[in-house]
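Containing compact mmCIF, C-alpha atoms: upload_10.txt.
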```
# COMPACT_ATOMS: atom_id res chain seq x y z
CA MET A 947 113.85 74.20 70.73
CA THR A 948 113.34 77.92 70.68
CA SER A 949 111.87 80.28 68.20
CA PRO A 950 111.00 83.97 67.96
CA ALA A 951 107.75 83.12 66.22
CA SER A 952 104.58 84.02 68.03
CA SER A 953 102.70 80.86 67.08
CA SER A 954 101.14 79.19 70.10
CA GLU A 955 102.46 75.79 69.01
CA VAL A 956 106.08 76.82 69.41
CA LYS A 957 107.75 75.29 72.43
CA TYR A 958 110.43 77.00 74.47
CA LEU A 959 113.03 75.29 76.60
CA ILE A 960 113.24 76.49 80.19
CA GLU A 961 116.27 75.90 82.38
CA SER A 962 115.80 75.56 86.15
CA SER A 963 118.26 76.08 89.02
CA GLU A 964 119.23 72.37 88.89
CA GLY A 965 120.29 72.81 85.27
CA ASN A 966 117.39 70.66 84.06
CA THR A 967 115.44 71.74 81.02
CA PHE A 968 111.81 71.24 80.09
CA ASP A 969 109.61 72.69 77.42
CA VAL A 970 106.70 75.11 77.76
CA SER A 971 104.31 76.26 75.06
CA GLY A 972 104.66 79.77 73.69
CA ALA A 973 101.06 80.55 74.59
CA ALA A 974 101.68 79.71 78.25
CA LEU A 975 104.93 81.64 78.33
CA ARG A 976 103.30 84.72 76.87
CA GLN A 977 101.36 85.14 80.10
CA SER A 978 104.64 86.15 81.66
CA ASN A 979 105.27 89.85 81.10
CA THR A 980 108.94 89.29 81.92
CA PHE A 981 109.21 86.75 79.10
CA ASN A 982 107.32 89.06 76.74
CA ALA A 983 109.70 91.88 77.50
CA MET A 984 112.85 89.77 77.18
CA PHE A 985 112.39 87.09 74.54
CA LEU A 986 109.14 87.32 72.62
CA ASN A 987 110.39 89.58 69.86
CA ILE A 988 114.02 88.61 69.70
CA GLY A 989 113.72 84.90 70.42
CA ALA A 990 116.22 82.89 72.42
CA ASP A 991 119.13 80.72 71.35
CA GLY A 992 119.11 77.69 73.58
CA PRO A 993 117.17 77.22 76.79
CA ILE A 994 115.82 80.27 78.64
CA PRO A 995 117.51 80.38 82.02
CA PHE A 996 115.22 80.94 85.03
CA THR A 997 117.92 79.62 87.31
CA ASP A 998 116.72 81.31 90.50
CA TYR A 999 113.87 78.82 90.73
CA ASN A 1000 113.84 75.04 90.95
CA GLU A 1001 112.23 72.74 88.43
CA ALA A 1002 109.23 71.81 90.59
CA THR A 1003 108.34 75.49 91.16
CA LEU A 1004 108.71 76.46 87.51
CA LYS A 1005 106.69 73.44 86.39
CA LYS A 1006 103.94 74.40 88.84
CA VAL A 1007 103.90 78.00 87.61
CA PHE A 1008 103.77 76.97 83.96
CA GLU A 1009 101.14 74.35 84.76
CA TYR A 1010 98.97 77.26 85.85
CA CYS A 1011 99.85 79.22 82.71
CA GLU A 1012 99.05 76.27 80.44
CA HIS A 1013 95.70 75.87 82.18
CA SER A 1014 94.73 79.53 81.93
CA VAL A 1015 95.69 79.86 78.25
CA ASN A 1016 92.12 79.27 77.17
CA GLU A 1017 90.50 81.31 79.95
CA GLU A 1018 89.07 84.71 79.22
CA ASN A 1019 91.36 87.73 79.51
CA TYR A 1020 92.36 88.63 83.02
CA SER A 1021 90.23 91.44 84.40
CA GLY A 1022 91.47 92.21 87.88
CA PRO A 1023 91.68 89.97 90.91
CA LYS A 1024 88.95 87.47 91.54
CA HIS A 1025 87.61 86.84 95.00
CA GLN A 1026 88.70 83.49 96.39
CA ASP A 1027 85.09 82.34 96.37
CA ASP A 1028 84.93 82.87 92.60
CA LEU A 1029 87.85 80.56 91.89
CA SER A 1030 87.15 77.46 89.83
CA LYS A 1031 87.49 73.94 91.21
CA TRP A 1032 90.70 73.49 89.23
CA ASP A 1033 92.18 76.69 90.73
CA LEU A 1034 91.28 75.62 94.25
CA ASN A 1035 92.85 72.17 93.72
CA PHE A 1036 95.93 73.81 92.27
CA PHE A 1037 96.44 75.90 95.43
CA ASN A 1038 95.42 73.17 97.87
CA GLU A 1039 97.94 70.71 96.43
CA MET A 1040 100.87 72.95 97.35
CA ASP A 1041 102.64 72.89 100.69
CA GLN A 1042 103.70 76.21 102.24
CA LYS A 1043 107.26 76.13 100.91
CA MET A 1044 106.09 75.47 97.37
CA PHE A 1045 103.43 78.18 97.74
CA ILE A 1046 106.06 80.75 98.73
CA ASP A 1047 108.34 79.68 95.85
CA VAL A 1048 105.43 79.93 93.41
CA ILE A 1049 104.61 83.47 94.61
CA ASN A 1050 108.21 84.57 94.19
CA ALA A 1051 108.57 82.95 90.76
CA SER A 1052 105.23 84.30 89.62
CA ASN A 1053 106.22 87.77 90.79
CA PHE A 1054 109.56 87.53 88.95
CA LEU A 1055 107.90 86.26 85.77
CA ASP A 1056 105.22 88.93 86.22
CA ILE A 1057 102.25 86.61 85.74
CA GLU A 1058 99.58 89.00 86.93
CA ARG A 1059 96.72 86.55 87.39
CA LEU A 1060 98.68 83.96 89.38
CA THR A 1061 100.39 86.58 91.58
CA SER A 1062 97.08 88.19 92.31
CA TYR A 1063 95.42 84.89 93.28
CA CYS A 1064 98.34 84.00 95.53
CA CYS A 1065 98.15 87.40 97.26
CA GLU A 1066 94.42 87.05 97.72
CA ARG A 1067 95.09 83.67 99.32
CA ILE A 1068 97.54 85.19 101.82
CA ALA A 1069 95.07 87.98 102.57
CA ARG A 1070 92.43 85.33 103.24
CA MET A 1071 94.75 83.74 105.82
CA LEU A 1072 94.93 87.10 107.64
CA ARG A 1073 91.31 88.27 107.42
CA GLY A 1074 89.33 88.48 110.64
CA LYS A 1075 92.26 87.44 112.84
CA ASN A 1076 93.59 89.27 115.87
CA THR A 1077 97.14 90.63 115.97
CA GLN A 1078 98.64 87.60 117.72
CA GLU A 1079 97.07 85.20 115.23
CA MET A 1080 98.31 87.37 112.36
CA ILE A 1081 101.84 87.28 113.78
CA LYS A 1082 101.68 83.48 113.75
CA VAL A 1083 100.53 83.37 110.12
CA ILE A 1084 103.16 85.72 108.77
CA THR A 1085 105.88 84.67 111.25
CA LEU A 1086 106.78 88.07 112.55
CA PRO A 1087 109.02 88.15 115.61
CA THR A 1088 107.03 88.82 118.79
CA ALA A 1089 107.88 91.64 121.21
CA GLU A 1090 109.75 89.18 123.50
CA GLU A 1091 111.76 87.80 120.61
CA LEU A 1092 112.63 91.30 119.50
CA GLU A 1093 113.71 92.14 123.06
CA ALA A 1094 115.90 89.03 123.25
CA LYS A 1095 117.40 89.88 119.86
CA GLN A 1096 118.10 93.42 121.04
CA LYS A 1097 119.82 92.10 124.18
CA VAL A 1098 122.05 89.82 122.10
CA GLU A 1099 122.90 92.74 119.82
CA GLU A 1100 123.68 94.95 122.83
CA LYS A 1101 126.00 92.24 124.23
CA LYS A 1102 127.74 91.95 120.87
CA ALA A 1103 128.13 95.72 120.69
CA ALA A 1104 129.59 95.81 124.23
CA ALA A 1105 132.08 93.03 123.36
CA ALA A 1106 133.07 94.81 120.17
CA LYS A 1107 133.54 98.03 122.13
CA LYS A 1108 135.85 96.26 124.61
CA VAL A 1109 137.95 94.82 121.79
CA ALA A 1110 138.15 98.24 120.17
CA GLU A 1111 139.23 99.84 123.46
CA LYS A 1112 141.98 97.22 123.94
CA ALA A 1113 143.21 97.75 120.42
CA ALA A 1114 143.25 101.49 121.02
CA GLU A 1115 145.28 101.02 124.23
CA THR A 1116 147.93 98.86 122.53
CA ALA A 1117 148.08 101.32 119.67
CA GLU A 1118 148.68 104.11 122.18
CA LYS A 1119 151.52 102.16 123.83
CA THR A 1120 153.28 101.53 120.53
CA GLU A 1121 152.79 105.15 119.64
CA THR A 1122 154.45 106.31 122.90
CA LEU A 1123 157.39 104.00 122.23
CA GLU A 1124 157.76 105.41 118.76
CA GLU A 1125 157.51 108.94 120.06
CA LEU A 1126 160.43 108.52 122.51
CA PRO A 1127 163.43 110.58 121.43
CA VAL A 1128 166.26 108.57 119.88
CA GLN A 1129 168.78 109.53 122.51
CA GLN A 1130 166.48 108.39 125.31
CA LEU A 1131 165.94 105.06 123.54
CA VAL A 1132 169.69 104.57 123.18
CA GLN A 1133 170.13 105.35 126.87
CA THR A 1134 167.49 102.89 128.03
CA THR A 1135 168.88 100.04 125.89
CA ARG A 1136 172.39 100.81 127.13
CA ASN A 1137 171.18 100.65 130.73
CA LYS A 1138 169.47 97.33 130.09
CA LEU A 1139 172.59 95.91 128.47
CA THR A 1140 174.88 97.02 131.31
CA ARG A 1141 172.47 95.50 133.83
CA LYS A 1142 172.54 92.25 131.89
CA TYR A 1143 176.31 92.36 131.57
CA LEU A 1144 176.72 93.01 135.30
CA SER A 1145 174.43 90.16 136.24
CA PHE A 1146 176.29 87.91 133.82
CA SER A 1147 179.73 88.86 135.24
CA ASN A 1148 178.48 88.32 138.82
CA GLU A 1149 177.51 84.79 137.93
CA MET B 1300 105.71 82.17 106.01
CA LYS B 1301 108.06 85.13 106.40
CA PHE B 1302 105.82 87.83 105.02
CA LEU B 1303 108.36 90.63 105.13
CA ARG B 1304 110.69 88.63 102.87
CA PHE B 1305 108.22 88.72 99.99
CA PRO B 1306 108.86 91.18 97.17
CA MET B 1307 107.39 94.62 97.79
CA LEU B 1308 104.80 94.19 95.01
CA VAL B 1309 103.49 91.03 96.66
CA ILE B 1310 103.29 92.73 100.07
CA LYS B 1311 101.43 95.63 98.47
CA ASP B 1312 99.00 93.31 96.69
CA VAL B 1313 98.26 91.39 99.91
CA LEU B 1314 97.70 94.60 101.88
CA GLN B 1315 95.36 95.95 99.22
CA ASN B 1316 93.23 92.82 99.69
CA LEU B 1317 92.68 93.58 103.38
CA ASP B 1318 89.99 95.81 104.85
CA PRO B 1319 90.87 98.80 107.10
CA ILE B 1320 90.21 96.90 110.33
CA ASP B 1321 92.52 94.02 109.34
CA LEU B 1322 95.12 96.62 108.39
CA ILE B 1323 94.83 98.27 111.82
CA ASN B 1324 95.19 94.91 113.58
CA LEU B 1325 98.14 94.04 111.34
CA SER B 1326 99.78 97.40 112.03
CA LEU B 1327 99.90 96.49 115.71
CA SER B 1328 102.05 93.43 114.99
CA SER B 1329 105.32 95.29 114.52
CA LYS B 1330 106.80 98.70 113.88
CA LYS B 1331 108.09 97.64 110.47
CA MET B 1332 104.68 96.38 109.49
CA SER B 1333 102.99 99.60 110.62
CA HIS B 1334 105.24 101.53 108.22
CA LEU B 1335 104.20 99.25 105.35
CA ILE B 1336 100.43 99.61 105.85
CA SER B 1337 100.22 102.76 103.71
CA LEU B 1338 101.21 100.60 100.69
CA ALA B 1339 97.56 99.53 100.67
CA ASP B 1340 96.67 102.96 99.22
CA THR B 1341 95.21 103.96 102.56
CA HIS B 1342 95.11 107.61 101.50
CA ARG B 1343 91.88 106.75 99.64
CA PHE B 1344 90.18 106.03 103.00
CA ARG B 1345 87.89 108.67 104.38
CA VAL B 1346 88.18 109.07 108.16
CA ASP B 1347 85.40 110.97 109.95
CA LEU B 1348 84.99 111.63 113.64
CA GLU B 1349 81.39 111.82 114.77
CA HIS B 1350 79.48 109.69 117.23
CA PHE B 1351 81.80 106.91 115.96
CA LEU B 1352 85.15 107.06 114.31
CA ILE B 1353 84.12 106.17 110.77
CA ILE B 1354 86.47 104.81 108.12
CA SER B 1355 84.76 104.76 104.72
CA ILE B 1356 85.93 102.97 101.61
CA ASN B 1357 83.65 102.78 98.58
CA GLU B 1358 80.17 102.04 99.85
CA LYS B 1359 81.33 100.45 103.15
CA GLN B 1360 81.61 102.24 106.49
CA TYR B 1361 83.55 100.85 109.43
CA ASN B 1362 82.03 102.47 112.51
CA ILE B 1363 84.54 102.24 115.35
CA GLN B 1364 83.06 102.74 118.80
CA LEU B 1365 84.70 105.29 121.09
CA PRO B 1366 84.64 103.52 124.45
CA LYS B 1367 84.75 105.51 127.69
CA ASN B 1368 86.97 103.02 129.44
CA VAL B 1369 90.11 101.28 128.28
CA SER B 1370 89.47 97.63 127.41
CA SER B 1371 91.29 94.96 125.45
CA ARG B 1372 89.26 95.44 122.29
CA VAL B 1373 87.19 98.01 120.46
CA THR B 1374 84.03 97.08 118.59
CA VAL B 1375 83.59 97.97 114.93
CA MET B 1376 80.25 97.84 113.12
CA ILE B 1377 80.17 97.60 109.36
CA THR B 1378 77.40 99.31 107.43
CA ILE B 1379 76.82 99.65 103.72
CA ASP B 1380 75.66 103.02 102.40
CA ASN B 1381 75.10 104.14 106.01
CA ALA B 1382 72.18 101.74 106.34
CA TRP B 1383 71.65 100.46 109.88
CA PRO B 1384 71.58 97.94 111.52
CA ALA B 1385 75.17 96.87 111.03
CA ARG B 1386 75.88 94.04 108.59
CA GLU B 1387 78.89 92.69 110.43
CA TRP B 1388 80.77 93.20 113.70
CA LEU B 1389 84.54 93.18 114.00
CA HIS B 1390 87.09 94.00 116.68
CA ILE B 1391 90.29 96.00 116.94
CA TYR B 1392 92.59 94.63 119.62
CA TRP B 1393 93.50 97.92 121.26
CA ASN B 1394 94.11 98.32 124.98
CA LYS B 1395 94.74 102.06 125.24
CA LYS B 1396 92.49 105.12 125.06
CA TRP B 1397 90.39 105.66 121.94
CA THR B 1398 92.12 109.00 121.28
CA GLU B 1399 95.43 107.16 120.93
CA LEU B 1400 93.75 104.76 118.51
CA LEU B 1401 92.63 107.75 116.46
CA VAL B 1402 96.18 109.08 116.26
CA HIS B 1403 97.53 105.59 115.47
CA ILE B 1404 95.06 105.19 112.61
CA LEU B 1405 95.90 108.58 111.10
CA ARG B 1406 99.61 107.87 111.38
CA VAL B 1407 99.46 104.36 109.94
CA PHE B 1408 97.06 105.26 107.12
CA LYS B 1409 98.94 108.50 106.45
CA CYS B 1410 95.66 110.27 105.79
CA PRO B 1411 93.97 113.33 107.30
CA LEU B 1412 90.77 113.42 109.31
CA THR B 1413 88.25 114.26 106.61
CA THR B 1414 85.65 115.74 108.93
CA VAL B 1415 85.10 116.26 112.63
CA ASN B 1416 81.47 116.88 113.44
CA SER B 1417 80.68 117.83 117.00
CA LYS B 1418 76.91 117.61 116.57
CA SER B 1419 76.55 113.95 117.44
CA MET B 1420 79.51 113.78 119.82
CA PRO B 1421 79.38 114.15 123.57
CA ASN B 1422 81.31 117.26 124.63
CA SER B 1423 83.70 115.34 126.84
CA LYS B 1424 84.76 113.17 123.88
CA LEU B 1425 85.10 116.13 121.57
CA ILE B 1426 87.31 117.95 124.07
CA GLU B 1427 89.47 114.82 124.46
CA ALA B 1428 89.74 114.61 120.67
CA ILE B 1429 90.59 118.30 120.31
CA GLN B 1430 93.28 118.01 122.98
CA ILE B 1431 95.02 115.09 121.30
CA MET B 1432 94.60 116.46 117.78
CA SER B 1433 96.14 119.79 118.75
CA ALA B 1434 98.95 118.04 120.63
CA GLU B 1435 99.73 115.75 117.68
CA GLN B 1436 98.92 118.41 115.07
CA CYS B 1437 96.77 115.97 113.09
CA GLU B 1438 95.47 117.39 109.84
CA ILE B 1439 91.71 118.01 109.85
CA LYS B 1440 90.13 118.92 106.55
CA GLN B 1441 86.76 120.11 107.78
CA MET B 1442 85.44 120.77 111.23
CA TYR B 1443 81.90 121.53 112.32
CA ILE B 1444 81.50 123.01 115.78
CA HIS B 1445 78.19 123.53 117.49
CA GLN B 1446 77.27 126.00 120.15
CA ASP B 1447 77.42 123.72 123.18
CA LEU B 1448 81.12 123.34 122.81
CA GLN B 1449 81.70 127.05 122.49
CA LYS B 1450 80.45 127.51 126.06
CA LYS B 1451 83.06 125.18 127.48
CA LYS B 1452 86.10 125.70 125.33
CA SER B 1453 87.44 128.93 124.04
CA LEU B 1454 86.77 129.08 120.31
CA ARG B 1455 89.89 131.07 119.68
CA ASN B 1456 91.93 128.37 121.34
CA ILE B 1457 90.48 125.73 119.01
CA ILE B 1458 91.13 127.76 115.88
CA GLU B 1459 94.68 128.60 116.88
CA ASN B 1460 95.80 125.16 117.98
CA LEU B 1461 94.15 122.78 115.54
CA ASN B 1462 95.55 122.04 112.10
CA ILE B 1463 92.38 122.67 110.05
CA THR B 1464 93.26 122.82 106.38
CA GLU B 1465 90.03 123.38 104.49
CA ARG B 1466 87.00 124.55 106.39
CA LEU B 1467 85.81 125.41 109.88
CA ILE B 1468 82.07 125.83 110.29
CA ILE B 1469 80.69 127.18 113.54
CA THR B 1470 76.98 126.92 114.17
CA ARG B 1471 75.31 129.08 116.78
CA MET B 1472 71.80 128.28 117.91
CA GLY B 1473 69.81 131.51 117.91
CA LYS B 1474 67.24 132.47 120.53
CA ILE B 1475 64.25 134.40 119.31
CA THR B 1476 63.63 137.20 121.78
CA ARG B 1477 61.26 139.23 119.61
CA THR B 1478 59.90 139.03 116.15
CA VAL B 1479 60.69 141.88 113.84
CA ILE B 1480 58.11 142.15 111.17
CA GLY B 1481 59.74 143.08 107.90
CA GLY B 1482 63.31 142.37 109.10
CA VAL B 1483 66.02 141.00 106.85
CA PRO B 1484 64.63 137.61 105.74
CA SER B 1485 67.96 135.80 105.68
CA GLN B 1486 68.76 136.86 109.25
CA ARG B 1487 65.37 135.71 110.42
CA ARG B 1488 65.74 132.36 108.74
CA ASP B 1489 69.21 131.85 110.25
CA ALA B 1490 68.00 132.67 113.71
CA GLU B 1491 65.06 130.31 113.46
CA SER B 1492 66.80 127.32 111.97
CA GLY B 1493 70.16 127.59 113.68
CA GLN B 1494 72.00 127.58 110.35
CA PRO B 1495 75.75 128.17 110.31
CA ASP B 1496 76.46 131.85 110.81
CA SER B 1497 80.19 131.72 110.41
CA ASN B 1498 82.13 129.98 107.70
CA PHE B 1499 85.88 130.23 107.71
CA SER B 1500 87.59 128.84 104.65
CA ARG B 1501 91.29 128.34 104.40
CA ASN B 1502 93.35 127.14 101.52
```
Could you render the structure as structure tokens?
Amino acid sequence: MTSPASSSEVKYLIESSEGNTFDVSGAALRQSNTFNAMFLNIGADGPIPFTDYNEATLKKVFEYCEHSVNEENYSGPKHQDDLSKWDLNFFNEMDQKMFIDVINASNFLDIERLTSYCCERIARMLRGKNTQEMIKVITLPTAEELEAKQKVEEKKAAAAKKVAEKAAETAEKTETLEELPVQQLVQTTRNKLTRKYLSFSNE
Amino acid sequence: MKFLRFPMLVIKDVLQNLDPIDLINLSLSSKKMSHLISLADTHRFRVDLEHFLIISINEKQYNIQLPKNVSSRVTVMITIDNAWPAREWLHIYWNKKWTELLVHILRVFKCPLTTVNSKSMPNSKLIEAIQIMSAEQCEIKQMYIHQDLQKKKSLRNIIENLNITERLIITRMGKITRTVIGGVPSQRRDAESGQPDSNFSRN
């Protein structure tokens, strides 16, 4: 059920990447600036497709929106220590994969409060750590891995160069054949034929 | 968590939640990451070179020690409103000379050196700093030079080679050889207090 009305009781149908639909209240959806820009004024016929994200992720994101409907207006990022018990539980329940999906979905839907809390949470994982520990958290390739990757790329480039050189050589050969004057070609084929004929007659 | 795969807005939000020291440590993790650090609006940082290398943001100062010898880490003391003793101690995991750290910070933060004040710096350190800053052509907004340095390093050399964009103030300590009764009062005051006697302004 969809409606362009701005009443908070209106429910909107959301379609996930699996093709499943579920309904979300208008008040919760209005926290998404993307939704506000796309559907709030014009309404939507049929379910609203957010097909880049799976059902579990979207439900989690809208669970947060439903919860924060009654909270005071968002006024900049809160420090992690200021988060409510509900907020902390909400984040702690998620595994890393879900957390990453929620950040991406929240960023796409432009839900400022949720995106900001998620970013603060990542920043908290990095704070006070040394470079090596930071690399582990954000899974950056280490210097050795980069070196190994570079070596593989160099090998690939060398192999590609060899193939290209061979191709160039064969192309050159065909070109030289094509460039031979017609008379010379006729002569060479005649010679070959006579040689064949002679060998055949000898037999 | 593959941090670099997050949308740019998320990366920016995370970086803005980190303090300058975490940003420096993070910048050492990879080349790509060091290019992204300036997304944290690092141009708002004030970087001063005095007895410490001081990065100031709002009311906080990160006082980075300038060690004589190369070690695996550099100590940073955090003060609020320049009130000592330090509130917190952090570390930058840097195993090269402090002058290279200075250049790295300016490059990564994409900001100029706000002031260089030679008053509280040992001459050897100031000369090291001047050498690297003229070699790298780092932008210095304001520079205060005191007499001791002028003995050892040609002043002209400093002015010609450094990239000073706003103000160069040279202070000469005056020696009172005789008192002239009824002399020009401003001259007398300058000579007694060692006030700046030259003030070059550039725009």
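For the pair CA of Leu1461 in chain B and CA of Ala1339 in chain B, the separation is 27.8 Å.
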Find the residues of chain B that sit at most 12 Å from chain A; for each, write down the nearest two atoms and how far apart they are in Å, to one decimal. Count all atoms listed in the file. Sort by chain, then by number going up, and give it as CSV.
```
residue,atom,partner,partner_atom,distance
B:Met1300,CA,A:Ile1084,CA,5.2
B:Lys1301,CA,A:Thr1085,CA,5.3
B:Phe1302,CA,A:Ile1084,CA,5.1
B:Leu1303,CA,A:Leu1086,CA,8.0
B:Arg1304,CA,A:Asn1050,CA,9.9
B:Phe1305,CA,A:Asn1050,CA,7.1
B:Pro1306,CA,A:Asn1050,CA,7.3
B:Met1307,CA,A:Asn1053,CA,9.9
B:Leu1308,CA,A:Asn1053,CA,7.8
B:Val1309,CA,A:Cys1065,CA,6.5
B:Ile1310,CA,A:Cys1065,CA,7.9
B:Lys1311,CA,A:Cys1065,CA,8.9
B:Asp1312,CA,A:Cys1065,CA,6.0
B:Val1313,CA,A:Cys1065,CA,4.8
B:Leu1314,CA,A:Ala1069,CA,7.2
B:Gln1315,CA,A:Ala1069,CA,8.7
B:Asn1316,CA,A:Ala1069,CA,5.9
B:Leu1317,CA,A:Ala1069,CA,6.1
B:Asp1318,CA,A:Arg1073,CA,8.1
B:Pro1319,CA,A:Arg1073,CA,10.5
B:Ile1320,CA,A:Gly1074,CA,8.5
B:Asp1321,CA,A:Arg1073,CA,6.2
B:Leu1322,CA,A:Arg1073,CA,9.2
B:Ile1323,CA,A:Thr1077,CA,9.0
B:Asn1324,CA,A:Thr1077,CA,5.3
B:Leu1325,CA,A:Thr1077,CA,5.8
B:Ser1326,CA,A:Thr1077,CA,8.3
B:Leu1327,CA,A:Thr1077,CA,6.5
B:Ser1328,CA,A:Thr1077,CA,5.7
B:Ser1329,CA,A:Leu1086,CA,7.6
B:Lys1330,CA,A:Ala1089,CA,10.2
B:Lys1331,CA,A:Leu1086,CA,9.9
B:Met1332,CA,A:Leu1086,CA,9.1
B:Ser1333,CA,A:Thr1077,CA,12.0
B:Ala1339,CA,A:Ala1069,CA,12.0
B:Ser1371,CA,A:Asn1076,CA,11.4
B:Arg1372,CA,A:Asn1076,CA,9.9
B:Val1373,CA,A:Asn1076,CA,11.8
B:Val1375,CA,A:Gly1074,CA,11.9
B:Glu1387,CA,A:Gly1074,CA,11.3
B:Trp1388,CA,A:Gly1074,CA,10.2
B:Leu1389,CA,A:Gly1074,CA,7.5
B:His1390,CA,A:Asn1076,CA,8.1
B:Ile1391,CA,A:Asn1076,CA,7.6
B:Tyr1392,CA,A:Asn1076,CA,6.6
B:Trp1393,CA,A:Thr1077,CA,9.7
```
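CA of Val956 in chain A is found 14.0 Å from CA of Val1015 in chain A.
Reported to one decimal place, the separation of CA of Asp998 in chain A from CA of Val1048 in chain A is 11.7 Å.
Residue nearest Thr1003 in chain A, chosen from A:Ala1117, A:Ala973, A:Ala1110, A:Met1044 and counting all atoms listed in the file: A:Met1044.
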Near-Phe1008 in chain A list (12 Å; only C-alpha atoms; drop same-chain fewer than 3 positions) as an NGL selection string: :A and (958-960 or 968-978 or 1001-1005 or 1011-1015 or 1036 or 1048 or 1051-1052 or 1055 or 1057 or 1060)
Which is closer to Asn1456 in chain B than all the others in B:Thr1378, B:Gln1430, B:Ser1355, B:Asn1394, using only C-alpha atoms? B:Gln1430
